[in-house]
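Engineer: Take a look at the following structure, please.
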Amino acid sequence: VTKIQDIDYSILPEAFTPMYRIHKYWGRKPGNIFREYIKNYTSENDIFLDPFCGSGIAVAEALKLNRKVIGIDLNPMATFITRQMVIPIDLLRFEHTFEKIVNNVSQKFSESYSTQCRKCGSFSKVIHYKWGREKLARGISIEEAKKETGEIPRELQSLTYECVKCRRLISDKPLNHDITQANISYGPPPNYLINKKLIKTLHSEAEYYFDLFTPRNLFLLSILYDEILKIADIKIQDIMKLVFSSCLEQSSRLLMYTKIGKQQDVRSKSWIAPKFHIQRSYLEKNPLINFKNSFQKILLSKKESNRLLLNCNFVKTFDDLVAGKGNVLIVNDSVDYLDKLPKDSIDYVIADPPFVKDIRYLELSQLWHIWLGFDVNYDKEIKYDEREHRAYTIKLTEAFKKVHRVLKKGSQMTVTYQTDDIKLWDTMVRSPLDAKFILTKILPQGVKYSTGAKYRSLMKKGEHKLLLGYYYLTFNKKNNSLNNKSFKNDSGNKIIKQVISLIEKRQEATPLIFILLSLYEKMTLTDIRKYSIINILSILESSNQVEKYFETHKNPLWQKWTIKKAKFNVEKSLETLVKNDLEEILLYENQVSPTDFIQFIMNKFKGDYIVSSQRVYRLLNEISKIDKGNRILVGEKSVVAERKREEVIKNLKKLGRQYSFEAKAQENNVLFWNKYGKPRIMFYITLTGILPSPEIEAKSKDLKNQFPGFQRIIVRPQSLDKIFEDMTEHWDYIWLEDLEKLLFDKEIIHRFIKKIQRQTISRKRVVKATVIKNERYEVDGETRYFKLVLDEPYIQNNAQPGQFINILCPSKNLKDEKHIFDSEKTYNTYLRKNGSPYSGKPLLRRPISIHRIYYKDFDPKSLKKERRIPEDLSKILRSGRRDRFDVFIKVVGKGTKALSNIEEGEKLDMIGPLGKPIEVDKKLKKALLVAGGIGIAPLYALAEELRWTGRNVVLFLGTYDEKDLKILGYDFHTDQAYAMQTVDAKKLIKEFKNMGIKVVLCTMRGNIPGVKQGLVTEEFKKFLSDNRNSLKNTCVFSCGPKAMLKSVVNIVKKFKLPHKVLLEERMGCGLGACLSCVCPTKDKPFEYKRICTEGPTFDAEEIAWNQYL
Amino acid sequence: MQKKLPGTSIYKANLKVNIAGIEMNNPIMIASGTFGYGIEFTEIENFSNDEIGAIILKGTTLNKTLGNPVPRIAEVDCGIINSIGLQNPGIDIVLKEYIPKLRQYKTNIILNISGYTEDEYKEITKKINDVEGVHAIEVNISCPNIKKGGMQFGTDPKMTMSVVQKVKNSTKLPIIVKLSPNVTDIKQIARAAIEGGTNALSLINTVSAMAIDIKTRRPKLGANVGGLSGPAIKPIAIYKVFETFQYAKERNVPLIGIGGIENVDDILEFILAGASAVQIGTSTLIYKIPFRKLISELEKSIADSGAADIKDLVGKVKLNP
């Protein structure tokens, strides 16, 4: 059993995704934090329990992670919401049912909610009515007026409607028609609501449930609800009930409003006050509009949950859950239900106990319970009441005992809560301890960063209380409960000692909350039992060594404590450390969101060095400002840069040694990596954007001439991209963040992971690429090969060697061929020249491999020289800008013929990048490329990549006849006249040679001096035999006709080399949907794999060659 | 009631159709085999399944089927011949791995099933009943690319009726029978399927075809022969729909037209011939149609022709006397 490490860093909450906005509920915690915890403490198929599941966020998160889940809540509404959130719903049926309901009821609604437009006189739908307190006659008090009807008298004051003709919202005073419409009798409330009294501990004007609604809305809502009850499909009916309950709040008299602009313009606000308080003035909102809004919200929510929760099957008993008959058990009961479970059966628990002051979950849920007909067991509720604190503690302890029993030995429970009350804090720590749990970790979780004005002003005022995060306490169920670090007797002094050592570590006054976190880490269970927070506070208060910091804080948890007469070293203080880190990130990152900044700091500063997210945010604002959407450093940039530069040099030296380079720094921004006494790589480190001086340029040029393989590299922050844009000569450059990643791979976690994740999801796109150039190579007056230089940013930036694009062939260029019978040419002469006559446009897209990707200011010739750069580094170095790409195509049929006719400046419709890139083994030293004819096309991109990483490459090219070879490879003919004819070839082979690649050429037919006549495979075989002893770390890559591939496979097999083949096949969709382009692979029995999706590159061994015709 | 397109004075027609209990937001369906299992196309940026009336998944058999040797596809003038041979992982994997992933889309999911024996059809159908997320079943009795079963069921009226009955009796889901054009009288088969209890008919499947490479003297397909699709078969399909329409209409069985649809005009042609909905296959595969655009064009186009609802045009071809 591997020991699980506790999560030891604070996590910033993320906003609720649509899935969690399914329905209103209270005290909801961020899903991403639950996710991290569940991921950390459980593995797949473990059983996870949330004994107070509320609206089910932890339940859903655990399901996302494929855990088995038990969610328990006393509130039937909570379990109802949870169920509806996780259950898969047929979205289409949901929408159609909704449309039907709206259709059926809309007549009634428009009758009751209609008025005449004051401007054009047409009938318009009312959005809402505003009711306000009636002006009473002189001498009558409200109380007297109330006695008459039992209610504050209210009158219709204004209304807002939407006129279809005037096309706008209009607010105005009511007409007589509106007043009569509001006051006509709508009949008694529906049967199921009559006699339903509200259970309430808080004062409210409403006594009966139906008092919460106006008669009109009550009538309309009941019509709506009757429609819902008619739905035959129970699943759809249930989710529709949720839509209904979700709109109850907005349709009730609890709705507050805010005035906007003119007096009549009002907008509704949500039900903020956690009580059934009917406002003196309230809005009567059209329930159908509310119903529609709720539906849209829930549809979005279900769309997300259907996508994320692929497996969700409810079971009714724990045994079924264990037996795997399903994966979710939702129980509407108190924690007493746990008594029914066997002991030691649960793997992990997250408990979010109910205690928030003033919020009576059950009582408030009556708004939904009563209409939906839920029964509630009020007696079993654990509710917090300040006056009955002790009783609450006991109840909670009892609950934790039940949890303790069912939890497996050695497993964890995390308790989460939000409070600033020291007494409650004590309860939260103590009651699990009393239930025999062991405390292992306390963490405050960050507060969500917000850009809102309210947030900013609270931050300025230092109102931490309102911005309090949640606390996460993790407990363990263990057998032995004592560890050795007991403070034993006289712990008061030990506590003070610990506090002093903590403050000295941090070099600053420290808030009580962090003191507590640190103390709990070090104290034994006995000590924690012995010293409540109140005890600890009194020890601090009575100590003569520590004192309260002069800045007093309303909240004792955030009150800072300091050592008496302390003098802190500002340079070493936590504040400075955090600031330094922030400055450094800011130096080269200006588009990161504050959340990423804060999370980065919180990952790094933990344990005794913990800082609150609010503080990081404050510091971030202190040292930076926002300028045109970018966050930039305020103040002295060069000072920070200087410090950073020193660090980069230090780390580059370290890295150099790792790759056995000698590293030497020169001046303050140049560093050489030498090998055998020769400079190999020169780094120029600029962090403020100053370009290399002419002297440095000259020197590097000098060195470049002197030593083969010499590289120059500029290290710079990405934010300086623009400055370097104009550099004419190609410098290899490396982004600082990439370098950082290389250097501190493990330390910098979150930021980079996020970034990399973003990069790797490169989706397929349908794009239009511009043809920059079309180079045609003719044989006997007909185009046989052509190379298209294309420009399409998405493709060239994302494509990798081995990938391909699917091109839609233009049809207009075939038009001339319709006239073949008109000319004096006979049909047969035409045939001989052009192949079969074409009619109709080419249909299927043609899969074409990426031939070459161009890098700006980069000449592949520079790859000719010896080049030894560490693998990791070289990949990063390649992050230069790409600006074009090539495809190289042989004319074989209708489609390619049409493509060959395309002219410069025209656009080509294509999808890409498709297929998997070629994977190159890290250890690879030598690559042998075997190409048959046009099979050479994808190998160029691969060869360039291989040469870039310093691999030795040999190319074998075989062609059908000398005409092909003339185009594909000929560049060394001695006969001047012949060579002249081949100028059009642009010498592809020469380009290979320029990169320092050895080339072996063959042709099956035709006699060319200096070129072997015969099969390329024979030459390849000969090469392998001759070099039999130097084939370590060698890999073969081959591409060409199937017959050639088969032959290469047989040869390579004998030499036991790894071999990758690039396959081609007639293709349909290119996305893996149509299963046209498949190849047989050796699963037993063989199975067809898709070349467009699983390929086009396969390991040769994977293919069932015997089955492959 | 005609609705105006937002911001314009152009009217758009209602496209909602109900085909044998399958409620669709528009009459556009994607033909089986050209869209995989509904998730492959979503890898294209901005491509959404939500706009499509219904998606018909790849033909699925009871057990895993390997499929035919390559080449499986060949382009000919105005069309494509394919012979995939029903490659699929078997019904169990499809129901477990693919169907749950499709629940996130607001569209009808129709599973196309194929079998080698009548009992296989029945068994697959029963398995589908246990899963949430399939809206209808298309019974393929016309696949030309498998050696036994498949088209055999679709060319003999007795066998058609018997297999349709078996499927119908095993499920509550609406069923669609996909007809083959490779018969002497398609009405006979349609009649058998209707008598067997089908809720709708889709027609046509591919037309048996062959192409030969004159240089190598070998067929262009690994399986030698295959099924032709694409614009080449559109006139055939229109005729088959027209031929079947009157009989099916009298028995309240809607038709789904398939064959070479490339644009809005083609769709209207099918509707006029008697189709209540259409399936687009080959074009989906080639063009990755932006369906939202196609649908709004269809709305406008129908409104332009003077109809407020697509249903008003079904079978409204004006025959010459």
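Residues in the structure tokens are numbered from 1 in each chain, the chains being A, B, ... in the order shown, and ligands are numbered from 1 in the order shown.
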For chain B against chain A, with a cut-off of 6 Å and counting only C-alpha atoms, what is the closest atom pair and its distance in Å to one decimal for every residue that makes the cut, ordered by chain and number, as JSON lines?
Structural biologist:
```
{"residue": "B:Gly33", "atom": "CA", "partner": "A:Cys1074", "partner_atom": "CA", "distance": 5.8}
{"residue": "B:Thr34", "atom": "CA", "partner": "A:Cys1074", "partner_atom": "CA", "distance": 5.1}
{"residue": "B:Phe35", "atom": "CA", "partner": "A:Ala1073", "partner_atom": "CA", "distance": 5.1}
{"residue": "B:Gly36", "atom": "CA", "partner": "A:Ala1073", "partner_atom": "CA", "distance": 3.8}
{"residue": "B:Glu40", "atom": "CA", "partner": "A:Ala1073", "partner_atom": "CA", "distance": 5.8}
{"residue": "B:Ile44", "atom": "CA", "partner": "A:Lys764", "partner_atom": "CA", "distance": 4.6}
{"residue": "B:Glu45", "atom": "CA", "partner": "A:Arg765", "partner_atom": "CA", "distance": 5.4}
{"residue": "B:Arg72", "atom": "CA", "partner": "A:Ser1076", "partner_atom": "CA", "distance": 5.2}
{"residue": "B:Ile73", "atom": "CA", "partner": "A:Ser1076", "partner_atom": "CA", "distance": 5.9}
{"residue": "B:Asp77", "atom": "CA", "partner": "A:Gly840", "partner_atom": "CA", "distance": 5.7}
{"residue": "B:Cys78", "atom": "CA", "partner": "A:Gly840", "partner_atom": "CA", "distance": 5.4}
{"residue": "B:Pro100", "atom": "CA", "partner": "A:Leu310", "partner_atom": "CA", "distance": 5.4}
{"residue": "B:Arg103", "atom": "CA", "partner": "A:Asn306", "partner_atom": "CA", "distance": 5.6}
{"residue": "B:Gln104", "atom": "CA", "partner": "A:Arg307", "partner_atom": "CA", "distance": 4.8}
{"residue": "B:Lys106", "atom": "CA", "partner": "A:Leu92", "partner_atom": "CA", "distance": 4.9}
{"residue": "B:Thr107", "atom": "CA", "partner": "A:Leu92", "partner_atom": "CA", "distance": 5.8}
{"residue": "B:Leu285", "atom": "CA", "partner": "A:Cys1069", "partner_atom": "CA", "distance": 5.0}
{"residue": "B:Ile286", "atom": "CA", "partner": "A:Leu844", "partner_atom": "CA", "distance": 5.6}
```
Engineer: Could you please take those selected residues and save N, CA and C atoms as a PDB file, in the first residue's frame?
Structural biologist:
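Result file follows (out_31.pdb):
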```
ATOM      1  N   GLY B  33     -22.736   5.233 -42.185  1.00  0.00           N
ATOM      2  CA  GLY B  33     -21.459   4.864 -42.782  1.00  0.00           C
ATOM      3  C   GLY B  33     -20.599   6.035 -43.207  1.00  0.00           C
ATOM      4  N   THR B  34     -21.194   7.233 -43.238  1.00  0.00           N
ATOM      5  CA  THR B  34     -20.387   8.372 -43.676  1.00  0.00           C
ATOM      6  C   THR B  34     -20.015   9.257 -42.500  1.00  0.00           C
ATOM      7  N   PHE B  35     -20.449   8.869 -41.325  1.00  0.00           N
ATOM      8  CA  PHE B  35     -20.281   9.749 -40.170  1.00  0.00           C
ATOM      9  C   PHE B  35     -19.762   8.968 -38.971  1.00  0.00           C
ATOM     10  N   GLY B  36     -19.261   7.767 -39.219  1.00  0.00           N
ATOM     11  CA  GLY B  36     -18.714   6.939 -38.158  1.00  0.00           C
ATOM     12  C   GLY B  36     -19.713   6.754 -37.033  1.00  0.00           C
ATOM     13  N   GLU B  40     -16.430  11.433 -34.627  1.00  0.00           N
ATOM     14  CA  GLU B  40     -15.241  11.722 -35.433  1.00  0.00           C
ATOM     15  C   GLU B  40     -15.264  13.138 -36.002  1.00  0.00           C
ATOM     16  N   ILE B  44     -13.444  18.437 -35.773  1.00  0.00           N
ATOM     17  CA  ILE B  44     -13.240  19.632 -36.600  1.00  0.00           C
ATOM     18  C   ILE B  44     -13.745  20.838 -35.823  1.00  0.00           C
ATOM     19  N   GLU B  45     -12.943  21.879 -35.837  1.00  0.00           N
ATOM     20  CA  GLU B  45     -13.333  23.072 -35.108  1.00  0.00           C
ATOM     21  C   GLU B  45     -14.636  23.635 -35.657  1.00  0.00           C
ATOM     22  N   ARG B  72     -10.965   0.102 -50.467  1.00  0.00           N
ATOM     23  CA  ARG B  72     -12.380  -0.008 -50.154  1.00  0.00           C
ATOM     24  C   ARG B  72     -13.193   1.085 -50.819  1.00  0.00           C
ATOM     25  N   ILE B  73     -12.516   1.993 -51.470  1.00  0.00           N
ATOM     26  CA  ILE B  73     -13.246   3.123 -52.052  1.00  0.00           C
ATOM     27  C   ILE B  73     -12.617   3.454 -53.391  1.00  0.00           C
ATOM     28  N   ASP B  77     -16.796   8.584 -62.303  1.00  0.00           N
ATOM     29  CA  ASP B  77     -17.410   9.827 -62.731  1.00  0.00           C
ATOM     30  C   ASP B  77     -18.685  10.079 -61.945  1.00  0.00           C
ATOM     31  N   CYS B  78     -18.755  11.239 -61.299  1.00  0.00           N
ATOM     32  CA  CYS B  78     -19.938  11.658 -60.550  1.00  0.00           C
ATOM     33  C   CYS B  78     -20.322  10.722 -59.413  1.00  0.00           C
ATOM     34  N   PRO B 100     -22.993   6.611 -24.996  1.00  0.00           N
ATOM     35  CA  PRO B 100     -22.926   7.611 -23.917  1.00  0.00           C
ATOM     36  C   PRO B 100     -22.284   8.928 -24.354  1.00  0.00           C
ATOM     37  N   ARG B 103     -24.767  11.522 -25.941  1.00  0.00           N
ATOM     38  CA  ARG B 103     -25.876  12.122 -25.194  1.00  0.00           C
ATOM     39  C   ARG B 103     -25.731  13.629 -25.065  1.00  0.00           C
ATOM     40  N   GLN B 104     -24.520  14.124 -25.250  1.00  0.00           N
ATOM     41  CA  GLN B 104     -24.320  15.570 -25.105  1.00  0.00           C
ATOM     42  C   GLN B 104     -24.874  16.352 -26.294  1.00  0.00           C
ATOM     43  N   LYS B 106     -27.792  17.525 -29.023  1.00  0.00           N
ATOM     44  CA  LYS B 106     -29.234  17.699 -29.036  1.00  0.00           C
ATOM     45  C   LYS B 106     -29.761  17.249 -30.392  1.00  0.00           C
ATOM     46  N   THR B 107     -29.579  15.979 -30.678  1.00  0.00           N
ATOM     47  CA  THR B 107     -30.018  15.485 -31.973  1.00  0.00           C
ATOM     48  C   THR B 107     -30.473  14.045 -31.819  1.00  0.00           C
ATOM     49  N   LEU B 285     -19.324  13.320 -46.143  1.00  0.00           N
ATOM     50  CA  LEU B 285     -17.992  12.755 -46.059  1.00  0.00           C
ATOM     51  C   LEU B 285     -16.965  13.641 -46.759  1.00  0.00           C
ATOM     52  N   ILE B 286     -17.370  14.211 -47.887  1.00  0.00           N
ATOM     53  CA  ILE B 286     -16.419  14.995 -48.668  1.00  0.00           C
ATOM     54  C   ILE B 286     -16.312  16.424 -48.156  1.00  0.00           C
TER      55      ILE B 286
END
```
Engineer: List the spatial neighbours of Gly802 (chain A) as a count of residues only - criterion: any atom at most 12 Å away, only C-alpha atoms, same-chain residues fewer than 4 positions off excluded.
Structural biologist: 40
Engineer: Which residue gives the smallest distance to Ser305 (chain B) among B:Ile28, B:Leu95, B:Ala13, B:Ile19, with only C-alpha atoms counted?
Structural biologist: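 Using only C-alpha atoms, Ser305 (chain B) sits closest to B:Ala13.
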